[in-house]
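For reference, work.txt is printed below; it contains compact mmCIF, C-alpha atoms.
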# COMPACT_ATOMS: atom_id res chain seq x y z
CA MET O 208 -17.80 -46.92 151.71
CA PRO O 209 -20.86 -46.35 149.47
CA PRO O 210 -24.15 -47.66 150.91
CA GLN O 211 -24.62 -50.25 148.15
CA GLU O 212 -21.17 -51.72 148.82
CA GLN O 213 -21.89 -51.81 152.53
CA ALA O 214 -25.16 -53.65 151.92
CA THR O 215 -23.48 -56.40 149.88
CA GLN O 216 -20.95 -57.35 152.55
CA ILE O 217 -23.01 -59.20 155.16
CA THR O 218 -21.01 -62.23 156.20
CA LEU O 219 -22.47 -65.31 157.80
CA TRP O 220 -20.68 -64.44 161.06
CA GLN O 221 -22.30 -60.99 161.11
CA ALA O 222 -25.65 -62.66 160.61
CA VAL O 223 -24.94 -65.15 163.41
CA ARG O 224 -24.27 -62.33 165.86
CA TYR O 225 -27.46 -60.55 164.91
CA TRP O 226 -29.70 -63.65 165.07
CA PHE O 227 -28.33 -64.51 168.52
CA LYS O 228 -29.00 -60.97 169.72
CA LEU O 229 -32.52 -61.17 168.30
CA GLY O 230 -33.17 -64.43 170.14
CA CYS O 231 -32.21 -62.74 173.42
CA ILE O 232 -34.38 -59.62 172.99
CA SER O 233 -37.40 -60.95 171.07
CA PHE O 234 -40.03 -60.23 173.72
CA GLY O 235 -43.60 -59.13 173.07
CA GLY O 236 -45.06 -62.04 171.12
CA PRO O 237 -45.10 -62.33 167.32
CA ALA O 238 -46.20 -58.73 166.78
CA GLY O 239 -43.35 -57.38 168.89
CA GLN O 240 -40.82 -59.76 167.37
CA ILE O 241 -41.82 -58.86 163.82
CA ALA O 242 -41.64 -55.16 164.73
CA ILE O 243 -38.08 -55.62 166.07
CA MET O 244 -36.97 -57.39 162.89
CA HIS O 245 -38.65 -54.74 160.75
CA GLU O 246 -36.88 -51.91 162.53
CA ASP O 247 -33.50 -53.67 162.51
CA LEU O 248 -33.40 -55.37 159.11
CA VAL O 249 -35.47 -52.94 157.03
CA GLU O 250 -34.85 -49.51 158.55
CA LYS O 251 -31.44 -49.71 160.27
CA ARG O 252 -29.29 -52.43 158.73
CA ARG O 253 -30.95 -52.43 155.28
CA TRP O 254 -30.51 -56.15 154.80
CA ILE O 255 -33.90 -56.40 153.11
CA SER O 256 -36.33 -53.91 151.59
CA GLU O 257 -39.79 -53.11 152.91
CA ARG O 258 -41.64 -54.91 150.12
CA ARG O 259 -39.48 -58.01 150.30
CA PHE O 260 -39.82 -58.12 154.09
CA LEU O 261 -43.62 -57.93 153.88
CA HIS O 262 -43.59 -60.43 151.02
CA ALA O 263 -41.78 -62.94 153.26
CA LEU O 264 -44.07 -62.11 156.19
CA ASN O 265 -47.13 -62.87 154.06
CA TYR O 266 -45.73 -66.33 153.29
CA CYS O 267 -45.12 -67.09 156.94
CA MET O 268 -48.60 -65.94 157.94
CA LEU O 269 -50.03 -68.60 155.61
CA LEU O 270 -48.06 -71.43 157.19
CA PRO O 271 -48.68 -73.31 160.42
CA GLY O 272 -46.07 -72.54 163.03
CA PRO O 273 -44.64 -69.46 164.76
CA GLU O 274 -44.58 -66.80 162.04
CA ALA O 275 -41.85 -64.66 163.63
CA GLN O 276 -39.45 -67.62 163.90
CA GLN O 277 -40.30 -68.66 160.36
CA LEU O 278 -39.73 -65.11 159.13
CA ALA O 279 -36.26 -65.10 160.69
CA THR O 280 -35.59 -68.51 159.14
CA TYR O 281 -36.80 -67.28 155.75
CA ILE O 282 -34.62 -64.17 155.73
CA GLY O 283 -31.61 -66.14 156.95
CA TRP O 284 -32.21 -68.74 154.24
CA LEU O 285 -32.65 -66.06 151.56
CA MET O 286 -29.33 -64.45 152.53
CA HIS O 287 -27.12 -67.45 153.31
CA ARG O 288 -28.88 -70.52 151.97
CA THR O 289 -29.80 -73.49 154.19
CA TRP O 290 -27.14 -72.84 156.83
CA GLY O 291 -28.30 -69.27 157.16
CA GLY O 292 -31.88 -70.40 157.71
CA LEU O 293 -30.88 -73.04 160.27
CA ILE O 294 -28.79 -70.53 162.21
CA ALA O 295 -31.42 -67.78 162.13
CA GLY O 296 -34.31 -70.03 163.14
CA GLY O 297 -32.26 -71.97 165.69
CA LEU O 298 -30.85 -68.92 167.47
CA PHE O 299 -34.33 -67.40 167.56
CA VAL O 300 -35.36 -70.33 169.79
CA LEU O 301 -32.20 -71.30 171.71
CA PRO O 302 -32.11 -68.51 174.37
CA SER O 303 -35.77 -69.08 175.17
CA LEU O 304 -35.24 -72.84 175.50
CA LEU O 305 -32.34 -72.41 177.93
CA LEU O 306 -34.17 -69.82 180.01
CA LEU O 307 -37.40 -71.84 180.15
CA MET O 308 -35.54 -74.96 181.30
CA LEU O 309 -34.00 -72.89 184.10
CA LEU O 310 -37.37 -71.39 185.06
CA SER O 311 -39.03 -74.81 184.90
CA TRP O 312 -36.44 -76.21 187.32
CA VAL O 313 -36.97 -73.28 189.70
CA TYR O 314 -40.73 -73.75 189.42
CA LEU O 315 -40.60 -77.46 190.25
CA ARG O 316 -38.09 -77.08 193.06
CA PHE O 317 -39.36 -73.89 194.68
CA GLY O 318 -42.89 -73.43 193.33
CA GLU O 319 -44.42 -74.16 196.73
CA VAL O 320 -42.43 -71.38 198.39
CA PRO O 321 -45.06 -68.80 199.49
CA ALA O 322 -43.43 -65.87 197.70
CA VAL O 323 -43.12 -67.78 194.42
CA ALA O 324 -46.68 -69.09 194.72
CA ALA O 325 -47.95 -65.54 195.36
CA VAL O 326 -46.20 -64.23 192.25
CA LEU O 327 -47.72 -67.01 190.12
CA TYR O 328 -51.12 -66.34 191.70
CA GLY O 329 -50.94 -62.76 190.45
CA ILE O 330 -49.66 -63.66 186.99
CA LYS O 331 -52.42 -66.18 186.15
CA PRO O 332 -55.20 -63.55 185.75
CA ALA O 333 -52.83 -61.55 183.55
CA VAL O 334 -52.54 -64.60 181.30
CA VAL O 335 -56.32 -64.69 180.94
CA GLY O 336 -56.27 -61.04 179.86
CA ILE O 337 -53.42 -61.70 177.43
CA VAL O 338 -55.25 -64.61 175.77
CA ALA O 339 -58.50 -62.64 175.53
CA PHE O 340 -56.54 -59.71 174.08
CA ALA O 341 -55.07 -62.03 171.45
CA ALA O 342 -58.60 -63.04 170.38
CA TRP O 343 -59.63 -59.38 170.23
CA ARG O 344 -56.54 -58.33 168.27
CA ILE O 345 -56.75 -61.12 165.68
CA GLY O 346 -60.52 -60.75 165.42
CA ARG O 347 -60.23 -57.06 164.55
CA ARG O 348 -57.90 -57.90 161.68
CA VAL O 349 -59.58 -61.05 160.36
CA LEU O 350 -63.34 -60.92 161.01
CA ASN O 351 -64.23 -58.35 158.38
CA ASN O 352 -67.53 -59.89 157.21
CA ALA O 353 -70.50 -61.83 158.56
CA LEU O 354 -69.41 -65.24 157.24
CA LEU O 355 -66.01 -65.10 158.90
CA CYS O 356 -67.69 -63.99 162.15
CA ALA O 357 -70.03 -66.98 161.88
CA ILE O 358 -67.08 -69.35 161.37
CA SER O 359 -65.42 -67.92 164.48
CA LEU O 360 -68.62 -68.30 166.53
CA MET O 361 -69.12 -71.88 165.35
CA ALA O 362 -65.56 -72.76 166.31
CA PHE O 363 -66.08 -71.28 169.78
CA LEU O 364 -69.32 -73.22 170.30
CA ALA O 365 -67.84 -76.44 168.91
CA LEU O 366 -65.10 -76.37 171.53
CA THR O 367 -66.99 -74.81 174.45
CA VAL O 368 -70.39 -76.50 174.18
CA PHE O 369 -69.84 -79.64 172.14
CA HIS O 370 -66.22 -80.30 173.21
CA LEU O 371 -65.12 -81.31 169.72
CA PRO O 372 -61.39 -82.06 169.24
CA PHE O 373 -59.38 -79.12 167.99
CA PRO O 374 -58.18 -80.78 164.72
CA TYR O 375 -61.79 -81.40 163.66
CA VAL O 376 -62.61 -77.73 164.13
CA ILE O 377 -59.66 -76.70 161.95
CA LEU O 378 -60.56 -79.30 159.29
CA CYS O 379 -64.19 -78.10 159.12
CA ALA O 380 -63.03 -74.49 158.75
CA ALA O 381 -60.72 -75.47 155.90
CA ILE O 382 -63.56 -77.29 154.13
CA ILE O 383 -65.76 -74.21 154.47
CA GLY O 384 -62.94 -72.16 152.92
CA VAL O 385 -62.58 -74.55 149.98
CA ILE O 386 -66.32 -74.44 149.28
CA GLY O 387 -66.48 -70.69 149.87
CA SER O 388 -63.69 -69.98 147.39
CA LYS O 389 -65.97 -71.35 144.65
CA PHE O 390 -69.39 -70.06 145.68
CA ALA O 391 -68.67 -66.94 147.77
CA PRO O 392 -65.11 -65.85 147.00
CA HIS O 393 -65.65 -62.22 148.07
CA TYR O 394 -65.94 -63.34 151.70
CA PHE O 395 -62.42 -64.77 151.73
CA ARG O 396 -60.34 -61.97 150.29
CA ALA O 397 -58.33 -61.33 153.46
CA ALA O 398 -56.30 -58.19 153.97
CA SER O 399 -52.54 -58.42 153.93
CA PRO O 400 -51.16 -59.14 157.41
CA GLY O 401 -48.35 -56.69 156.87
CA HIS O 402 -50.47 -53.61 156.35
CA ALA O 403 -49.82 -52.30 159.86
CA HIS O 404 -46.13 -51.72 159.20
CA SER O 405 -45.27 -48.18 158.26
CA ALA O 406 -43.57 -47.43 155.02
CA VAL O 407 -39.86 -46.89 155.03
CA LYS O 408 -38.46 -43.49 154.23
CA HIS O 409 -35.56 -42.97 151.84
CA HIS O 410 -32.66 -45.17 152.87
CA ALA O 411 -29.51 -46.60 151.40
CA PRO O 412 -30.06 -49.49 148.98
CA ALA O 413 -30.94 -52.74 150.68
CA LEU O 414 -29.00 -55.96 150.27
CA ILE O 415 -32.21 -57.66 149.12
CA ALA O 416 -33.96 -54.78 147.31
CA ASP O 417 -37.36 -54.67 145.62
CA ASP O 418 -35.86 -55.46 142.22
CA THR O 419 -33.19 -57.92 143.41
CA PRO O 420 -33.84 -61.24 141.64
CA PRO O 421 -34.26 -64.27 143.91
CA PRO O 422 -30.99 -66.18 144.39
CA PRO O 423 -30.75 -69.53 142.59
CA HIS O 424 -31.54 -71.56 145.71
CA ALA O 425 -34.87 -69.67 146.09
CA HIS O 426 -36.19 -70.61 142.65
CA PHE O 427 -38.98 -73.16 142.76
CA GLN O 428 -38.09 -76.52 141.27
CA LEU O 429 -39.97 -79.74 141.89
CA ARG O 430 -36.70 -81.64 142.33
CA LYS O 431 -35.55 -79.30 145.10
CA LEU O 432 -38.96 -79.44 146.76
CA LEU O 433 -38.94 -83.24 146.86
CA LEU O 434 -35.32 -83.28 148.05
CA ALA O 435 -36.08 -80.90 150.94
CA LEU O 436 -39.20 -82.84 151.93
CA GLY O 437 -37.28 -86.11 151.72
CA CYS O 438 -34.43 -84.83 153.88
CA GLY O 439 -36.88 -83.48 156.45
CA LEU O 440 -38.76 -86.76 156.57
CA LEU O 441 -35.53 -88.74 156.95
CA ILE O 442 -34.43 -86.52 159.84
CA TRP O 443 -37.81 -87.01 161.53
CA LEU O 444 -37.71 -90.80 161.02
CA ALA O 445 -34.12 -91.02 162.26
CA ALA O 446 -34.96 -89.03 165.41
CA MET O 447 -38.03 -91.22 166.06
CA ALA O 448 -35.90 -94.34 165.58
CA VAL O 449 -33.36 -93.09 168.14
CA LEU O 450 -36.14 -92.48 170.67
CA ARG O 451 -37.63 -95.93 170.03
CA TRP O 452 -34.20 -97.50 170.48
CA SER O 453 -33.73 -95.57 173.75
CA GLY O 454 -36.55 -97.48 175.37
CA GLN O 455 -38.33 -94.34 176.61
CA PRO O 456 -42.00 -94.60 175.54
CA VAL O 457 -42.82 -91.24 177.14
CA LEU O 458 -40.30 -89.45 174.92
CA LEU O 459 -41.64 -91.32 171.90
CA ASP O 460 -45.19 -90.24 172.78
CA MET O 461 -44.00 -86.64 173.19
CA ALA O 462 -42.23 -86.70 169.84
CA SER O 463 -45.32 -88.00 168.06
CA PHE O 464 -47.74 -85.63 169.83
CA PHE O 465 -45.69 -82.47 169.32
CA SER O 466 -45.04 -83.33 165.68
CA LYS O 467 -48.81 -83.26 165.19
CA ALA O 468 -49.13 -80.06 167.24
CA ALA O 469 -46.58 -78.34 165.00
CA LEU O 470 -48.85 -78.91 162.00
CA LEU O 471 -51.87 -77.33 163.71
CA THR O 472 -50.47 -73.97 164.80
CA PHE O 473 -52.38 -71.84 162.29
CA GLY O 474 -52.85 -68.42 163.84
CA GLY O 475 -49.98 -68.64 166.30
CA ALA O 476 -49.34 -70.33 169.62
CA TYR O 477 -52.64 -69.32 171.21
CA ALA O 478 -54.50 -71.32 168.57
CA VAL O 479 -52.71 -74.57 169.37
CA LEU O 480 -52.91 -74.23 173.16
CA PRO O 481 -56.32 -75.98 173.35
CA TYR O 482 -54.81 -78.93 171.48
CA LEU O 483 -51.81 -78.95 173.80
CA TYR O 484 -54.15 -78.89 176.78
CA GLN O 485 -56.25 -81.77 175.46
CA GLY O 486 -53.19 -83.91 174.86
CA ALA O 487 -50.67 -82.97 177.56
CA VAL O 488 -53.19 -82.54 180.41
CA GLN O 489 -56.20 -84.70 179.62
CA SER O 490 -54.87 -87.55 177.46
CA PHE O 491 -51.29 -88.13 178.66
CA ALA O 492 -51.47 -86.39 182.09
CA TRP O 493 -47.94 -85.05 181.75
CA LEU O 494 -48.94 -82.04 183.85
CA SER O 495 -51.96 -80.63 185.68
CA PRO O 496 -54.26 -77.79 184.51
CA ALA O 497 -52.71 -75.50 187.13
CA GLN O 498 -49.22 -76.33 185.86
CA MET O 499 -50.33 -75.60 182.29
CA MET O 500 -51.47 -72.14 183.39
CA ASP O 501 -48.20 -71.56 185.22
CA GLY O 502 -46.26 -72.66 182.14
CA LEU O 503 -48.09 -70.21 179.94
CA ALA O 504 -47.35 -67.45 182.44
CA LEU O 505 -43.64 -68.32 182.40
CA GLY O 506 -43.68 -68.51 178.61
CA GLU O 507 -45.00 -64.94 178.44
CA THR O 508 -41.99 -63.68 180.44
CA THR O 509 -39.29 -65.12 178.17
CA PRO O 510 -38.02 -64.09 174.72
CA GLY O 511 -38.79 -66.15 171.66
CA PRO O 512 -42.08 -67.50 170.31
CA LEU O 513 -44.84 -68.26 172.81
CA ILE O 514 -45.08 -71.80 171.44
CA MET O 515 -41.90 -72.35 173.47
CA VAL O 516 -44.29 -73.16 176.31
CA VAL O 517 -43.89 -76.69 174.92
CA ALA O 518 -40.44 -76.72 176.53
CA PHE O 519 -42.09 -76.20 179.92
CA VAL O 520 -44.63 -78.94 179.16
CA GLY O 521 -41.83 -81.31 178.19
CA PHE O 522 -39.66 -80.44 181.19
CA VAL O 523 -42.51 -80.90 183.69
CA GLY O 524 -43.63 -84.08 181.95
CA GLY O 525 -40.14 -85.59 181.92
CA TRP O 526 -39.58 -84.60 185.55
CA GLY O 527 -42.96 -85.95 186.67
CA GLN O 528 -42.51 -89.23 184.81
CA ALA O 529 -39.00 -89.67 186.31
CA LEU O 530 -37.70 -90.95 182.97
CA PHE O 531 -34.20 -91.80 184.23
CA GLY O 532 -35.05 -92.60 187.84
CA ALA O 533 -35.87 -90.59 190.93
CA ASP O 534 -32.30 -89.29 191.29
CA GLN O 535 -32.07 -87.96 187.71
CA LEU O 536 -35.13 -85.71 187.55
CA LEU O 537 -33.24 -82.70 186.20
CA TRP O 538 -31.78 -84.65 183.29
CA ALA O 539 -35.19 -86.17 182.57
CA GLY O 540 -36.68 -82.68 182.34
CA ILE O 541 -33.88 -81.40 180.11
CA ALA O 542 -34.12 -84.40 177.77
CA ALA O 543 -37.90 -84.08 177.43
CA ALA O 544 -37.73 -80.30 176.87
CA CYS O 545 -35.15 -80.72 174.11
CA VAL O 546 -37.13 -83.52 172.45
CA VAL O 547 -40.40 -81.60 172.31
CA THR O 548 -38.64 -78.43 171.11
CA PHE O 549 -36.90 -80.33 168.30
CA PHE O 550 -40.09 -81.99 167.06
CA THR O 551 -42.14 -78.81 167.42
CA PHE O 552 -39.82 -76.68 165.28
CA LEU O 553 -38.60 -79.25 162.74
CA PRO O 554 -41.69 -78.77 160.52
CA SER O 555 -41.16 -74.98 160.51
CA PHE O 556 -37.74 -75.40 158.93
CA ILE O 557 -39.12 -77.89 156.41
CA PHE O 558 -41.93 -75.49 155.48
CA ILE O 559 -39.43 -72.73 154.71
CA PHE O 560 -36.78 -74.76 152.92
CA ALA O 561 -39.23 -76.83 150.89
CA GLY O 562 -42.41 -74.80 150.74
CA GLY O 563 -41.28 -71.18 150.58
CA PRO O 564 -40.88 -71.02 146.80
CA LEU O 565 -44.07 -73.08 146.35
CA VAL O 566 -46.09 -70.69 148.52
CA GLU O 567 -44.65 -67.77 146.55
CA SER O 568 -45.81 -69.27 143.27
CA THR O 569 -49.37 -69.63 144.57
CA ARG O 570 -49.62 -66.26 146.30
CA GLY O 571 -52.84 -64.47 145.39
CA ASP O 572 -54.54 -67.73 144.30
CA LEU O 573 -57.86 -67.72 146.16
CA ARG O 574 -58.11 -71.51 145.97
CA PHE O 575 -55.04 -71.62 148.19
CA THR O 576 -55.70 -68.66 150.48
CA ALA O 577 -59.45 -69.08 151.15
CA PRO O 578 -59.09 -72.22 153.35
CA LEU O 579 -56.38 -70.46 155.36
CA THR O 580 -58.58 -67.38 155.76
CA ALA O 581 -61.37 -69.59 157.12
CA ILE O 582 -58.94 -71.32 159.47
CA THR O 583 -57.73 -67.97 160.77
CA ALA O 584 -61.35 -66.95 161.44
CA ALA O 585 -61.90 -70.20 163.37
CA VAL O 586 -58.73 -69.48 165.32
CA VAL O 587 -60.38 -66.40 166.85
CA GLY O 588 -63.10 -68.61 168.33
CA VAL O 589 -60.53 -71.15 169.45
CA ILE O 590 -58.52 -68.51 171.31
CA LEU O 591 -61.67 -67.11 172.92
CA ASN O 592 -62.55 -70.61 174.11
CA LEU O 593 -59.11 -70.85 175.69
CA ALA O 594 -59.59 -67.51 177.47
CA VAL O 595 -62.95 -68.66 178.86
CA PHE O 596 -61.45 -71.95 180.01
CA PHE O 597 -58.58 -70.23 181.80
CA ALA O 598 -60.93 -67.66 183.36
CA ILE O 599 -63.20 -70.38 184.76
CA HIS O 600 -60.24 -72.37 186.02
CA ILE O 601 -58.70 -69.53 188.01
CA THR O 602 -61.98 -67.96 189.17
CA TRP O 603 -63.52 -71.24 190.38
CA PRO O 604 -60.48 -73.44 191.12
CA GLN O 605 -62.60 -75.81 193.23
CA GLY O 606 -65.44 -76.04 190.70
CA MET O 607 -68.34 -73.84 189.61
CA SER O 608 -70.29 -74.64 192.78
CA SER O 609 -67.58 -73.10 194.97
CA THR O 610 -67.15 -69.45 195.94
CA PRO O 611 -65.47 -67.50 193.12
CA ASP O 612 -62.05 -65.95 193.56
CA TRP O 613 -63.03 -62.30 193.18
CA PHE O 614 -59.41 -61.12 193.07
CA ALA O 615 -58.71 -63.38 190.09
CA LEU O 616 -61.88 -62.29 188.28
CA PHE O 617 -61.24 -58.60 188.86
CA SER O 618 -57.58 -58.96 187.87
CA SER O 619 -58.46 -60.71 184.60
CA VAL O 620 -60.80 -57.89 183.58
CA LEU O 621 -58.25 -55.28 184.66
CA ALA O 622 -55.53 -56.97 182.60
CA LEU O 623 -57.70 -56.94 179.50
CA ILE O 624 -58.53 -53.24 180.00
CA LEU O 625 -54.86 -52.35 180.44
CA LEU O 626 -53.96 -54.16 177.24
CA ILE O 627 -56.77 -52.78 175.07
CA ARG O 628 -57.35 -49.31 176.46
CA PHE O 629 -53.88 -48.35 177.70
CA ARG O 630 -51.80 -50.62 175.41
CA LEU O 631 -49.62 -51.80 178.25
CA GLY O 632 -46.78 -54.10 177.14
CA VAL O 633 -46.96 -57.78 178.01
CA LEU O 634 -43.76 -57.75 180.08
CA MET O 635 -44.91 -54.70 182.03
CA LEU O 636 -48.30 -56.35 182.58
CA ILE O 637 -46.71 -59.56 183.86
CA ALA O 638 -44.44 -57.61 186.23
CA LEU O 639 -47.34 -55.49 187.52
CA PHE O 640 -49.57 -58.46 188.27
CA ALA O 641 -46.72 -60.39 189.85
CA LEU O 642 -46.38 -57.51 192.32
CA LEU O 643 -50.16 -57.37 192.80
CA GLY O 644 -50.29 -61.07 193.58
CA LEU O 645 -47.43 -60.77 196.05
CA ALA O 646 -49.02 -57.76 197.76
CA TYR O 647 -52.44 -59.42 197.93
CA ARG O 648 -51.03 -62.59 199.50
CA LEU O 649 -49.11 -60.58 202.07
CA MET O 650 -52.28 -58.73 203.10
CA THR O 651 -54.50 -61.82 203.33

What's the structure tokens form of this structure?
Amino acid sequence: MPPQEQATQITLWQAVRYWFKLGCISFGGPAGQIAIMHEDLVEKRRWISERRFLHALNYCMLLPGPEAQQLATYIGWLMHRTWGGLIAGGLFVLPSLLLLMLLSWVYLRFGEVPAVAAVLYGIKPAVVGIVAFAAWRIGRRVLNNALLCAISLMAFLALTVFHLPFPYVILCAAIIGVIGSKFAPHYFRAASPGHAHSAVKHHAPALIADDTPPPPHAHFQLRKLLLALGCGLLIWLAAMAVLRWSGQPVLLDMASFFSKAALLTFGGAYAVLPYLYQGAVQSFAWLSPAQMMDGLALGETTPGPLIMVVAFVGFVGGWGQALFGADQLLWAGIAAACVVTFFTFLPSFIFIFAGGPLVESTRGDLRFTAPLTAITAAVVGVILNLAVFFAIHITWPQGMSSTPDWFALFSSVLALILLIRFRLGVLMLIALFALLGLAYRLMT
């Protein structure tokens, strides 16, 4: 069969099988997940061309939320309309949700077992290195002038020294971007996030080629935009009404909090972790700081977007609050994990279905992109603040006046070196430090 005919015969069932497979193998954070999709969809399967893939990626990088999951949703929607987007985005998350609920149950039931505790003890410093590496990686790409560096530094100081709430930091950065787009526009001309992907060699024609016109459902129309926004809002209100009717105020608080968190995830999951910490640990006390660290470590070991750590937060919170009674802790954890996952990812689907064509029509407009460039610069400082917080927490677990944990400090630095200098993969790093923690505990 000629290549062009092959490319035009992608059924919804074929897409379902691929999106489920992707959800099971999408390790390595957003960069790794995007690389997997690029290799599969652009180079091997030829479902979409290089330019169209990067075009979609640029949209998703401008939106709050997990860009890899949104990219899958976008491509699924472009190929098979709304159902295709729902299936692609949902299957990108589902395997990770199921696995994290299982790991959360094991953690709560057997976390005090010495061997399990030793493994977690070794993984925590690796998490510090991973977060610091994220700040370094994003900073290299984004902080290409003095003003953006200053925005990043101010964000770091605002959180670290002045303890300002995370949303205020993001709002101030956006305001700087709006003003800067008028008075200093040259500082906010950010490079394309897709420049790191290599060009594709000569291949068979793609299903969605460079010159393929957008399908009718991808054309921007105000009526369709309002309809999609209205449907999304009705779904959110209906879900909130069900939770209110259920008589579970904890689930209602989780739904409200994680709906807000979903709107603040500019720059990826690492950027919203400080906000999650402020709310889940300090304000609502759904889990402890140590449990938050453990949850991030578990989230790094599972496929899917890192923001899926919210499933761990929900599971531990539901379990700890004993929502359905002391004899139904497992079901309380499962219910809370599903609730927070639903409300965290609902906005991502709305952004793609309603806002994708709108973002396309404003692409290249500095008035639109400058605030997002400033926010991304602030995100670097936010992530660095998170790395410092985690480092202090694991190095001085009893407070700064206590004796530091030299193993944790050394391991954090070693993890960062392995990631930057030797480019060790995240999964390999987690496995290595799990073994180090186990060996260290056995020797001490």

**Report entry** Contacts of Tyr225 (chain O) within 12 Å, only C-alpha atoms, excl. fewer than 6 positions in-chain, as a list in words
**Finding:** Ile217, Thr218, Leu219, Cys231, Ile232, Ser233, Ile243, Met244, Asp247, Leu248, Arg252, Trp254, Ala279, Gly283, Gly291, Ile294, Ala295, Gly296, Leu298 and Phe299 of chain O

Given the point (-59.0, -70.7, 148.7) in the coordinates of this file, which residues lie within 10 Å, counting only C-alpha atoms, and how would they look as a PDB file with C-alpha atoms, keeping the file's coordinate frame?
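Resulting contents of result_12.pdb:
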ATOM      1  CA  ALA O 381     -60.720 -75.470 155.900  1.00  0.00           C
ATOM      2  CA  ILE O 382     -63.560 -77.290 154.130  1.00  0.00           C
ATOM      3  CA  ILE O 383     -65.760 -74.210 154.470  1.00  0.00           C
ATOM      4  CA  GLY O 384     -62.940 -72.160 152.920  1.00  0.00           C
ATOM      5  CA  VAL O 385     -62.580 -74.550 149.980  1.00  0.00           C
ATOM      6  CA  ILE O 386     -66.320 -74.440 149.280  1.00  0.00           C
ATOM      7  CA  GLY O 387     -66.480 -70.690 149.870  1.00  0.00           C
ATOM      8  CA  SER O 388     -63.690 -69.980 147.390  1.00  0.00           C
ATOM      9  CA  LYS O 389     -65.970 -71.350 144.650  1.00  0.00           C
ATOM     10  CA  PRO O 392     -65.110 -65.850 147.000  1.00  0.00           C
ATOM     11  CA  PHE O 395     -62.420 -64.770 151.730  1.00  0.00           C
ATOM     12  CA  ARG O 396     -60.340 -61.970 150.290  1.00  0.00           C
ATOM     13  CA  GLY O 571     -52.840 -64.470 145.390  1.00  0.00           C
ATOM     14  CA  ASP O 572     -54.540 -67.730 144.300  1.00  0.00           C
ATOM     15  CA  LEU O 573     -57.860 -67.720 146.160  1.00  0.00           C
ATOM     16  CA  ARG O 574     -58.110 -71.510 145.970  1.00  0.00           C
ATOM     17  CA  PHE O 575     -55.040 -71.620 148.190  1.00  0.00           C
ATOM     18  CA  THR O 576     -55.700 -68.660 150.480  1.00  0.00           C
ATOM     19  CA  ALA O 577     -59.450 -69.080 151.150  1.00  0.00           C
ATOM     20  CA  PRO O 578     -59.090 -72.220 153.350  1.00  0.00           C
ATOM     21  CA  LEU O 579     -56.380 -70.460 155.360  1.00  0.00           C
ATOM     22  CA  THR O 580     -58.580 -67.380 155.760  1.00  0.00           C
ATOM     23  CA  ALA O 581     -61.370 -69.590 157.120  1.00  0.00           C
TER      24      ALA O 581
END

**Report entry** Selected residue of minimal separation from Thr651 (chain O) among O:Pro372, O:Pro302, O:Trp526, O:Phe614, counting all atoms listed in the file
**Finding:** O:Phe614

Report task. Check the smallest atom-to-atom distance from each of O:Thr548, O:Ser311, O:Gln240, O:Gln277 to Leu503 (chain O) using only C-alpha atoms, then report the winner. Result ->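 Checking each candidate against Leu503 (chain O), we get O:Ser311 as the closest.
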
Report task. Can you work out the spacing between CA of Gln428 (chain O) and CA of Trp443 (chain O) in Å, to one decimal? Result ->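 So the two atoms, CA of Gln428 (chain O) and CA of Trp443 (chain O), lie 22.8 Å apart.
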
Query raised in the report: Closest to Arg347 (chain O) among O:Thr509, O:Ser609, O:Ser618, O:Thr583, using only C-alpha atoms?
Result: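 When distances to Arg347 (chain O) are compared using only C-alpha atoms, the smallest one comes from O:Thr583.
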
**Report entry** Point (-38.1, -77.9, 167.0), cut-off 10 Å, counting only C-alpha atoms, residues as a count of residues only
**Finding:** 21

Report task. Just give me the gap between CA of Thr602 (chain O) and CA of Leu616 (chain O) in Å, one decimal is fine. Result ->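 CA of Leu616 (chain O) lies at a distance of 5.7 Å from CA of Thr602 (chain O).
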
Query raised in the report: Suppose you want the space between CA of Met650 (chain O) and CA of Ala325 (chain O); what is it in Å?
Result: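 Separating CA of Met650 (chain O) from CA of Ala325 (chain O) is a distance of 11.2 Å.
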
Show which residues sit within 6 Å of region 621-637 of chain O, as a tab-separated table (two decimals) with C-alpha atoms, in the coordinates of the input. Count all atoms listed in the file, and ignore same-chain residues fewer than 2 positions away.
chain	number	residue	atom	x	y	z
O	330	ILE	CA	-49.66	-63.66	186.99
O	333	ALA	CA	-52.83	-61.55	183.55
O	336	GLY	CA	-56.27	-61.04	179.86
O	618	SER	CA	-57.58	-58.96	187.87
O	619	SER	CA	-58.46	-60.71	184.60
O	639	LEU	CA	-47.34	-55.49	187.52
O	640	PHE	CA	-49.57	-58.46	188.27

Query raised in the report: Using all atoms listed in the file, which residue out of O:Leu261, O:Ala222, O:Ala561, O:Met286 lies closest to Leu434 (chain O)?
Result: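 Nearest candidate to Leu434 (chain O) out of O:Leu261, O:Ala222, O:Ala561, O:Met286: O:Ala561.
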
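Candidate residues O:His426, O:Gly329, O:Leu306, O:Gly272 were compared for distance to Ala646 (chain O), and the nearest is O:Gly329, using all atoms listed in the file.
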
Query raised in the report: Taking all atoms listed in the file into account, which of O:Trp220, O:Trp226, O:Phe373, O:Phe491 comes nearest Ile582 (chain O)?
Result: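 Among the listed residues, O:Phe373 lies closest to Ile582 (chain O).
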
Draw an axis-aligned box tight on the listed atoms of region 440-446 of chain O, then pad every side by 5 Å and write out centre and edge lengths in Å to one decimal as AutoDock Vina command-line options.
--center_x -36.4 --center_y -88.8 --center_z 161.0 --size_x 14.6 --size_y 14.5 --size_z 18.8
